[in-house]
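K.L.:
Enclosed is the structure file target34.pdb (PDB, C-alpha atoms, pLDDT in the B column).
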```
ATOM      1  CA  MET A   1      82.068 110.857-168.514  1.00 92.00           C
ATOM      2  CA  ILE A   2      80.363 110.186-165.229  1.00 93.00           C
ATOM      3  CA  ASN A   3      77.192 112.232-164.877  1.00 92.00           C
ATOM      4  CA  ALA A   4      76.182 111.312-161.321  1.00 93.00           C
ATOM      5  CA  VAL A   5      77.090 109.178-158.324  1.00 95.00           C
ATOM      6  CA  LEU A   6      74.273 108.132-155.995  1.00 95.00           C
ATOM      7  CA  VAL A   7      74.233 106.102-152.790  1.00 94.00           C
ATOM      8  CA  PHE A   8      70.922 104.886-151.333  1.00 93.00           C
ATOM      9  CA  ASN A   9      70.009 102.745-148.386  1.00 92.00           C
ATOM     10  CA  ASN A  10      67.552  99.842-148.745  1.00 91.00           C
ATOM     11  CA  ALA A  11      64.632 102.139-147.850  1.00 92.00           C
ATOM     12  CA  GLY A  12      65.420 104.481-150.753  1.00 91.00           C
ATOM     13  CA  GLN A  13      66.860 107.304-148.664  1.00 92.00           C
ATOM     14  CA  PRO A  14      69.737 109.009-150.481  1.00 92.00           C
ATOM     15  CA  ARG A  15      72.998 108.983-148.546  1.00 92.00           C
ATOM     16  CA  LEU A  16      75.030 110.641-151.317  1.00 93.00           C
ATOM     17  CA  THR A  17      73.898 112.483-154.431  1.00 93.00           C
ATOM     18  CA  LYS A  18      76.600 114.036-156.560  1.00 95.00           C
ATOM     19  CA  PHE A  19      75.655 115.296-160.032  1.00 93.00           C
ATOM     20  CA  TYR A  20      78.435 116.293-162.418  1.00 93.00           C
ATOM     21  CA  THR A  21      76.008 117.604-165.050  1.00 90.00           C
ATOM     22  CA  GLN A  22      73.593 120.422-164.416  1.00 88.00           C
ATOM     23  CA  LEU A  23      69.949 119.390-163.954  1.00 85.00           C
ATOM     24  CA  ASP A  24      66.949 121.127-162.463  1.00 88.00           C
ATOM     25  CA  THR A  25      66.309 120.160-158.859  1.00 90.00           C
ATOM     26  CA  SER A  26      62.888 118.768-159.717  1.00 89.00           C
ATOM     27  CA  VAL A  27      64.428 116.530-162.416  1.00 88.00           C
ATOM     28  CA  GLN A  28      67.108 115.394-159.963  1.00 88.00           C
ATOM     29  CA  GLN A  29      64.499 114.447-157.356  1.00 90.00           C
ATOM     30  CA  ARG A  30      62.365 112.527-159.862  1.00 90.00           C
ATOM     31  CA  LEU A  31      65.454 110.826-161.261  1.00 89.00           C
ATOM     32  CA  ILE A  32      66.637 109.755-157.803  1.00 90.00           C
ATOM     33  CA  SER A  33      63.255 108.230-157.076  1.00 90.00           C
ATOM     34  CA  GLU A  34      62.985 106.522-160.466  1.00 91.00           C
ATOM     35  CA  ILE A  35      66.491 105.059-160.410  1.00 92.00           C
ATOM     36  CA  PHE A  36      66.087 103.675-156.895  1.00 92.00           C
ATOM     37  CA  THR A  37      62.804 102.034-157.889  1.00 92.00           C
ATOM     38  CA  LEU A  38      64.427 100.428-160.943  1.00 91.00           C
ATOM     39  CA  VAL A  39      67.484  99.187-159.066  1.00 92.00           C
ATOM     40  CA  ALA A  40      65.716  97.993-155.912  1.00 91.00           C
ATOM     41  CA  ASN A  41      63.185  95.912-157.856  1.00 91.00           C
ATOM     42  CA  ARG A  42      65.845  93.930-159.707  1.00 91.00           C
ATOM     43  CA  PRO A  43      66.687  90.421-158.493  1.00 89.00           C
ATOM     44  CA  ASN A  44      70.160  89.790-157.073  1.00 86.00           C
ATOM     45  CA  SER A  45      70.951  87.524-160.023  1.00 88.00           C
ATOM     46  CA  ALA A  46      70.288  90.308-162.557  1.00 89.00           C
ATOM     47  CA  CYS A  47      72.976  92.222-164.412  1.00 90.00           C
ATOM     48  CA  ASN A  48      74.353  95.361-162.712  1.00 92.00           C
ATOM     49  CA  PHE A  49      73.812  97.527-165.806  1.00 91.00           C
ATOM     50  CA  LEU A  50      70.620  99.298-166.874  1.00 89.00           C
ATOM     51  CA  PRO A  51      69.720 101.671-169.663  1.00 88.00           C
ATOM     52  CA  LEU A  52      69.099 105.188-168.429  1.00 84.00           C
ATOM     53  CA  PRO A  53      65.473 105.975-167.491  1.00 75.00           C
ATOM     54  CA  PRO A  54      63.670 108.138-170.075  1.00 74.00           C
ATOM     55  CA  LEU A  55      63.430 111.012-167.581  1.00 65.00           C
ATOM     56  CA  LEU A  56      67.130 111.871-167.743  1.00 56.00           C
ATOM     57  CA  ALA A  57      67.656 110.776-171.324  1.00 55.00           C
ATOM     58  CA  SER A  58      65.044 113.251-172.538  1.00 54.00           C
ATOM     59  CA  SER A  59      66.203 116.100-170.267  1.00 52.00           C
ATOM     60  CA  SER A  60      69.852 115.798-171.296  1.00 50.00           C
ATOM     61  CA  LYS A  61      69.318 116.294-175.015  1.00 49.00           C
ATOM     62  CA  SER A  62      70.865 119.496-176.254  1.00 44.00           C
ATOM     63  CA  SER A  63      69.273 121.901-178.695  1.00 42.00           C
ATOM     64  CA  THR A  64      72.541 122.339-180.577  1.00 44.00           C
ATOM     65  CA  PRO A  65      73.090 119.838-183.387  1.00 44.00           C
ATOM     66  CA  THR A  66      76.894 119.908-182.958  1.00 45.00           C
ATOM     67  CA  THR A  67      76.791 118.092-179.606  1.00 47.00           C
ATOM     68  CA  PRO A  68      78.133 114.552-180.018  1.00 48.00           C
ATOM     69  CA  HIS A  69      75.676 111.808-179.131  1.00 52.00           C
ATOM     70  CA  ASN A  70      78.220 109.870-177.086  1.00 59.00           C
ATOM     71  CA  ASP A  71      78.276 112.703-174.512  1.00 67.00           C
ATOM     72  CA  THR A  72      74.705 112.130-173.296  1.00 78.00           C
ATOM     73  CA  PRO A  73      74.047 109.975-170.233  1.00 81.00           C
ATOM     74  CA  SER A  74      72.957 106.511-171.271  1.00 82.00           C
ATOM     75  CA  LEU A  75      73.934 103.897-168.664  1.00 90.00           C
ATOM     76  CA  VAL A  76      73.218 103.132-165.004  1.00 93.00           C
ATOM     77  CA  THR A  77      75.779 100.910-163.262  1.00 94.00           C
ATOM     78  CA  TYR A  78      75.198  99.794-159.683  1.00 95.00           C
ATOM     79  CA  ARG A  79      76.315  97.452-156.895  1.00 93.00           C
ATOM     80  CA  HIS A  80      74.394  96.480-153.775  1.00 91.00           C
ATOM     81  CA  TYR A  81      76.501  96.096-150.638  1.00 88.00           C
ATOM     82  CA  ALA A  82      74.697  95.169-147.401  1.00 85.00           C
ATOM     83  CA  THR A  83      72.243  98.020-146.801  1.00 88.00           C
ATOM     84  CA  LEU A  84      73.547 100.391-149.483  1.00 91.00           C
ATOM     85  CA  TYR A  85      73.200 100.754-153.247  1.00 93.00           C
ATOM     86  CA  PHE A  86      76.117 102.462-155.030  1.00 95.00           C
ATOM     87  CA  ILE A  87      74.961 103.818-158.398  1.00 95.00           C
ATOM     88  CA  ILE A  88      76.840 105.579-161.217  1.00 95.00           C
ATOM     89  CA  ILE A  89      75.147 107.278-164.177  1.00 93.00           C
ATOM     90  CA  SER A  90      77.517 107.601-167.140  1.00 92.00           C
ATOM     91  CA  THR A  91      77.839 108.156-170.852  1.00 90.00           C
ATOM     92  CA  SER A  92      78.374 105.399-173.394  1.00 86.00           C
ATOM     93  CA  THR A  93      82.094 106.247-173.523  1.00 89.00           C
ATOM     94  CA  GLU A  94      82.672 104.746-170.061  1.00 91.00           C
ATOM     95  CA  SER A  95      83.288 101.026-169.691  1.00 91.00           C
ATOM     96  CA  PRO A  96      80.608  99.399-167.490  1.00 92.00           C
ATOM     97  CA  LEU A  97      83.152  96.960-166.070  1.00 94.00           C
ATOM     98  CA  ALA A  98      85.520  99.801-165.214  1.00 95.00           C
ATOM     99  CA  LEU A  99      82.630 101.518-163.416  1.00 95.00           C
ATOM    100  CA  LEU A 100      82.011  98.379-161.356  1.00 95.00           C
ATOM    101  CA  ASP A 101      85.700  98.435-160.419  1.00 96.00           C
ATOM    102  CA  LEU A 102      85.390 102.130-159.519  1.00 96.00           C
ATOM    103  CA  ILE A 103      82.488 101.333-157.187  1.00 95.00           C
ATOM    104  CA  GLN A 104      84.593  98.563-155.635  1.00 94.00           C
ATOM    105  CA  VAL A 105      87.505 100.970-155.043  1.00 95.00           C
ATOM    106  CA  PHE A 106      85.092 103.526-153.545  1.00 94.00           C
ATOM    107  CA  VAL A 107      83.710 100.941-151.109  1.00 92.00           C
ATOM    108  CA  GLN A 108      87.166  99.634-150.211  1.00 92.00           C
ATOM    109  CA  ALA A 109      88.402 103.199-149.617  1.00 92.00           C
ATOM    110  CA  LEU A 110      85.506 103.806-147.239  1.00 92.00           C
ATOM    111  CA  ASP A 111      86.390 100.519-145.588  1.00 89.00           C
ATOM    112  CA  GLY A 112      89.977 101.704-145.181  1.00 88.00           C
ATOM    113  CA  LEU A 113      88.868 104.999-143.647  1.00 90.00           C
ATOM    114  CA  PHE A 114      86.311 103.702-141.124  1.00 86.00           C
ATOM    115  CA  GLU A 115      86.588 100.887-138.622  1.00 73.00           C
ATOM    116  CA  ASN A 116      83.625  98.514-139.072  1.00 67.00           C
ATOM    117  CA  VAL A 117      81.987 101.051-141.349  1.00 72.00           C
ATOM    118  CA  CYS A 118      78.226 101.291-141.217  1.00 80.00           C
ATOM    119  CA  GLU A 119      75.535 103.468-142.750  1.00 89.00           C
ATOM    120  CA  LEU A 120      75.661 105.816-139.751  1.00 88.00           C
ATOM    121  CA  ASP A 121      79.334 106.534-140.483  1.00 85.00           C
ATOM    122  CA  LEU A 122      78.321 107.755-143.927  1.00 88.00           C
ATOM    123  CA  ILE A 123      75.508 109.880-142.498  1.00 90.00           C
ATOM    124  CA  PHE A 124      77.463 111.554-139.709  1.00 91.00           C
ATOM    125  CA  ASN A 125      80.770 111.782-141.588  1.00 89.00           C
ATOM    126  CA  PHE A 126      79.515 112.979-144.939  1.00 90.00           C
ATOM    127  CA  GLU A 127      82.643 115.123-145.312  1.00 91.00           C
ATOM    128  CA  THR A 128      84.729 111.950-145.481  1.00 91.00           C
ATOM    129  CA  LEU A 129      82.286 110.426-147.961  1.00 91.00           C
ATOM    130  CA  HIS A 130      82.497 113.479-150.253  1.00 93.00           C
ATOM    131  CA  ALA A 131      86.283 113.749-149.839  1.00 93.00           C
ATOM    132  CA  THR A 132      86.676 110.093-150.823  1.00 93.00           C
ATOM    133  CA  LEU A 133      84.527 110.605-153.903  1.00 94.00           C
ATOM    134  CA  GLY A 134      86.494 113.778-154.679  1.00 94.00           C
ATOM    135  CA  GLU A 135      89.729 111.791-154.663  1.00 94.00           C
ATOM    136  CA  LEU A 136      88.263 109.349-157.195  1.00 95.00           C
ATOM    137  CA  ILE A 137      86.274 111.627-159.523  1.00 95.00           C
ATOM    138  CA  VAL A 138      86.748 115.280-160.444  1.00 95.00           C
ATOM    139  CA  GLY A 139      84.249 116.975-162.734  1.00 92.00           C
ATOM    140  CA  GLY A 140      82.880 113.654-163.943  1.00 92.00           C
ATOM    141  CA  VAL A 141      86.289 112.255-164.878  1.00 94.00           C
ATOM    142  CA  VAL A 142      87.965 109.425-162.976  1.00 94.00           C
ATOM    143  CA  VAL A 143      91.314 110.741-161.763  1.00 94.00           C
ATOM    144  CA  GLU A 144      92.488 108.051-159.329  1.00 93.00           C
ATOM    145  CA  THR A 145      91.761 104.368-158.856  1.00 91.00           C
ATOM    146  CA  GLN A 146      94.663 103.242-156.660  1.00 93.00           C
ATOM    147  CA  LEU A 147      93.170 102.438-153.276  1.00 92.00           C
ATOM    148  CA  ASP A 148      96.222 103.459-151.237  1.00 92.00           C
ATOM    149  CA  LYS A 149      96.472 106.866-152.902  1.00 94.00           C
ATOM    150  CA  VAL A 150      92.747 107.552-152.410  1.00 93.00           C
ATOM    151  CA  VAL A 151      92.876 106.667-148.696  1.00 91.00           C
ATOM    152  CA  GLU A 152      96.066 108.664-148.141  1.00 92.00           C
ATOM    153  CA  GLY A 153      94.623 111.659-150.003  1.00 92.00           C
ATOM    154  CA  VAL A 154      91.555 111.740-147.762  1.00 91.00           C
ATOM    155  CA  LYS A 155      93.652 111.281-144.632  1.00 91.00           C
ATOM    156  CA  ALA A 156      95.951 114.100-145.750  1.00 90.00           C
ATOM    157  CA  GLN A 157      92.928 116.390-145.949  1.00 87.00           C
ATOM    158  CA  GLY A 158      92.151 115.592-142.317  1.00 81.00           C
ATOM    159  CA  ARG A 159      88.589 114.558-143.202  1.00 66.00           C
ATOM    160  CA  VAL A 160      88.483 111.263-141.311  1.00 71.00           C
ATOM    161  CA  ALA A 161      86.510 111.394-138.067  1.00 67.00           C
ATOM    162  CA  LYS A 162      87.426 108.985-135.297  1.00 63.00           C
ATOM    163  CA  ARG A 163      84.644 106.949-133.710  1.00 59.00           C
ATOM    164  CA  PRO A 164      84.868 106.026-130.018  1.00 53.00           C
ATOM    165  CA  VAL A 165      86.262 102.513-129.565  1.00 47.00           C
ATOM    166  CA  ASN A 166      83.218 101.035-127.804  1.00 45.00           C
ATOM    167  CA  GLU A 167      80.670 102.164-130.429  1.00 51.00           C
ATOM    168  CA  GLY A 168      79.335 100.111-133.309  1.00 49.00           C
ATOM    169  CA  LYS A 169      81.135  96.799-133.140  1.00 46.00           C
ATOM    170  CA  GLY A 170      78.962  95.327-135.895  1.00 49.00           C
ATOM    171  CA  GLY A 171      79.973  96.076-139.463  1.00 51.00           C
ATOM    172  CA  LEU A 172      77.954  95.750-142.626  1.00 51.00           C
ATOM    173  CA  SER A 173      77.806  92.334-144.191  1.00 45.00           C
ATOM    174  CA  LEU A 174      78.792  92.695-147.819  1.00 48.00           C
ATOM    175  CA  ALA A 175      77.477  89.722-149.728  1.00 43.00           C
ATOM    176  CA  GLY A 176      79.487  89.342-152.904  1.00 42.00           C
ATOM    177  CA  PHE A 177      82.185  91.755-151.757  1.00 45.00           C
ATOM    178  CA  GLY A 178      84.886  89.364-152.846  1.00 42.00           C
ATOM    179  CA  ARG A 179      87.117  89.717-149.800  1.00 41.00           C
ATOM    180  CA  GLY A 180      86.213  86.335-148.404  1.00 41.00           C
ATOM    181  CA  ASP A 181      85.356  87.561-144.922  1.00 43.00           C
ATOM    182  CA  GLY A 182      81.908  89.041-145.713  1.00 43.00           C
ATOM    183  CA  VAL A 183      82.305  92.012-143.336  1.00 43.00           C
ATOM    184  CA  TRP A 184      83.624  95.520-143.763  1.00 45.00           C
ATOM    185  CA  ALA A 185      86.686  95.307-141.587  1.00 41.00           C
ATOM    186  CA  GLY A 186      88.321  98.539-140.541  1.00 40.00           C
ATOM    187  CA  ARG A 187      91.851  99.833-140.565  1.00 34.00           C
TER     188      ARG A 187
END
```
Mind turning the file's structure into structure tokens?

P.N.:
Amino acid sequence: MINAVLVFNNAGQPRLTKFYTQLDTSVQQRLISEIFTLVANRPNSACNFLPLPPLLASSSKSSTPTTPHNDTPSLVTYRHYATLYFIIISTSTESPLALLDLIQVFVQALDGLFENVCELDLIFNFETLHATLGELIVGGVVVETQLDKVVEGVKAQGRVAKRPVNEGKGGLSLAGFGRGDGVWAGR
């Protein structure tokens, strides 16, 4: 199960915080800060998987002994694209490699919805960002991973805002994106 999806910029400002498990607001704020610090301080050559910080691991323990241990959050998976960190907190039942693929589909869907997508598109069109995530994940469960279906589902909702043609010609450079062109190209 996916417990949270977070998107930060390089300065540590959250651009998306979606928690699928209930946590106190103070715990969420401390967790956001702690996870960004952990992820941002890692070298680019480091693995994209981390054990969960003790803050969330200790707050997610249940007082009932019948709760299975594999249902507690235990893994942080992330990818760094240009100026944004995409982070998923999950249980041990989720495959870390599948989560990396999910992040890739999420980024490609955003790329398909915005022309030369940039951080400002995510800030000013947060409805599209949340709708895209809603097409991928519902209640902490991945429901769709086909890029075309995700993009069409968001477009069918009418959540895609159009940017004037002469604005923002520069896209985000995505080192390691795997497309070969190194830029978020639009539709």

K.L.:
Which residues are near stretch 144-154 of chain A? Cut-off 8 Å, only C-alpha atoms, ignore same chain within fewer than 4 positions. Put them as a PyMOL selection string.

P.N.:
chain A and resi 102+105+108-109+112-113+128+131-132+135-137+158-160

K.L.:
Grab the atom CA of A:Pro51 to atom CA of A:Asn3 distance for me, in Å with one decimal place.

P.N.:
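Between atom CA of A:Pro51 and atom CA of A:Asn3 the gap works out to 13.8 Å.
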
K.L.:
How many Å lie between atom CA of A:Leu16 and atom CA of A:Leu84, rounded to one decimal?

P.N.:
10.5 Å

K.L.:
I would like the residues chosen by the PyMOL selection byres ((chain A and resi 33) around 12) on the shown file; could you give them as a PyMOL selection string?

P.N.:
chain A and resi 6-8+11-14+17+26-32+34-40+53+55-56

K.L.:
Which distance in Å separates atom CA of A:Leu99 and atom CA of A:Leu75, to one decimal?

P.N.:
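Computing the Euclidean distance for atom CA of A:Leu99 and atom CA of A:Leu75 yields 10.4 Å.
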
K.L.:
Expand the PyMOL selection byres ((chain A and resi 86) around 9) into the explicit residue set it covers here, and present it as a ChimeraX atom specification.

P.N.:
/A:5-8,77-81,84-85,87-88,103,107

K.L.:
Could you save those same residues with C-alpha atoms as a PDB file, in the coordinates of the input?

P.N.:
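Listing of out_26.pdb after writing:
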```pdb
ATOM      1  CA  VAL A   5      77.090 109.178-158.324  1.00 95.00           C
ATOM      2  CA  LEU A   6      74.273 108.132-155.995  1.00 95.00           C
ATOM      3  CA  VAL A   7      74.233 106.102-152.790  1.00 94.00           C
ATOM      4  CA  PHE A   8      70.922 104.886-151.333  1.00 93.00           C
ATOM      5  CA  THR A  77      75.779 100.910-163.262  1.00 94.00           C
ATOM      6  CA  TYR A  78      75.198  99.794-159.683  1.00 95.00           C
ATOM      7  CA  ARG A  79      76.315  97.452-156.895  1.00 93.00           C
ATOM      8  CA  HIS A  80      74.394  96.480-153.775  1.00 91.00           C
ATOM      9  CA  TYR A  81      76.501  96.096-150.638  1.00 88.00           C
ATOM     10  CA  LEU A  84      73.547 100.391-149.483  1.00 91.00           C
ATOM     11  CA  TYR A  85      73.200 100.754-153.247  1.00 93.00           C
ATOM     12  CA  ILE A  87      74.961 103.818-158.398  1.00 95.00           C
ATOM     13  CA  ILE A  88      76.840 105.579-161.217  1.00 95.00           C
ATOM     14  CA  ILE A 103      82.488 101.333-157.187  1.00 95.00           C
ATOM     15  CA  VAL A 107      83.710 100.941-151.109  1.00 92.00           C
TER      16      VAL A 107
END
```

K.L.:
Could you give me the centre and size, in Å to one decimal, of an axis-aligned box around all listed atoms of stretch 14-33 of chain A with 5 Å added on every side, as lines of an AutoDock Vina configuration file?

P.N.:
```
center_x = 70.4
center_y = 114.7
center_z = -156.8
size_x = 26.1
size_y = 22.9
size_z = 26.5
```

K.L.:
Find, counting all atoms listed in the file, the residue in A:Ser90, A:Ser74, A:Thr25, A:Lys18 that gets nearest to A:Leu133.

P.N.:
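Ranked by minimum distance to A:Leu133, first place goes to A:Lys18.
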
K.L.:
Find the residue from A:Gln157, A:Ile89, A:Arg15, A:Cys47 that sits nearest to A:Asp121; use all atoms listed in the file when measuring.

P.N.:
A:Arg15
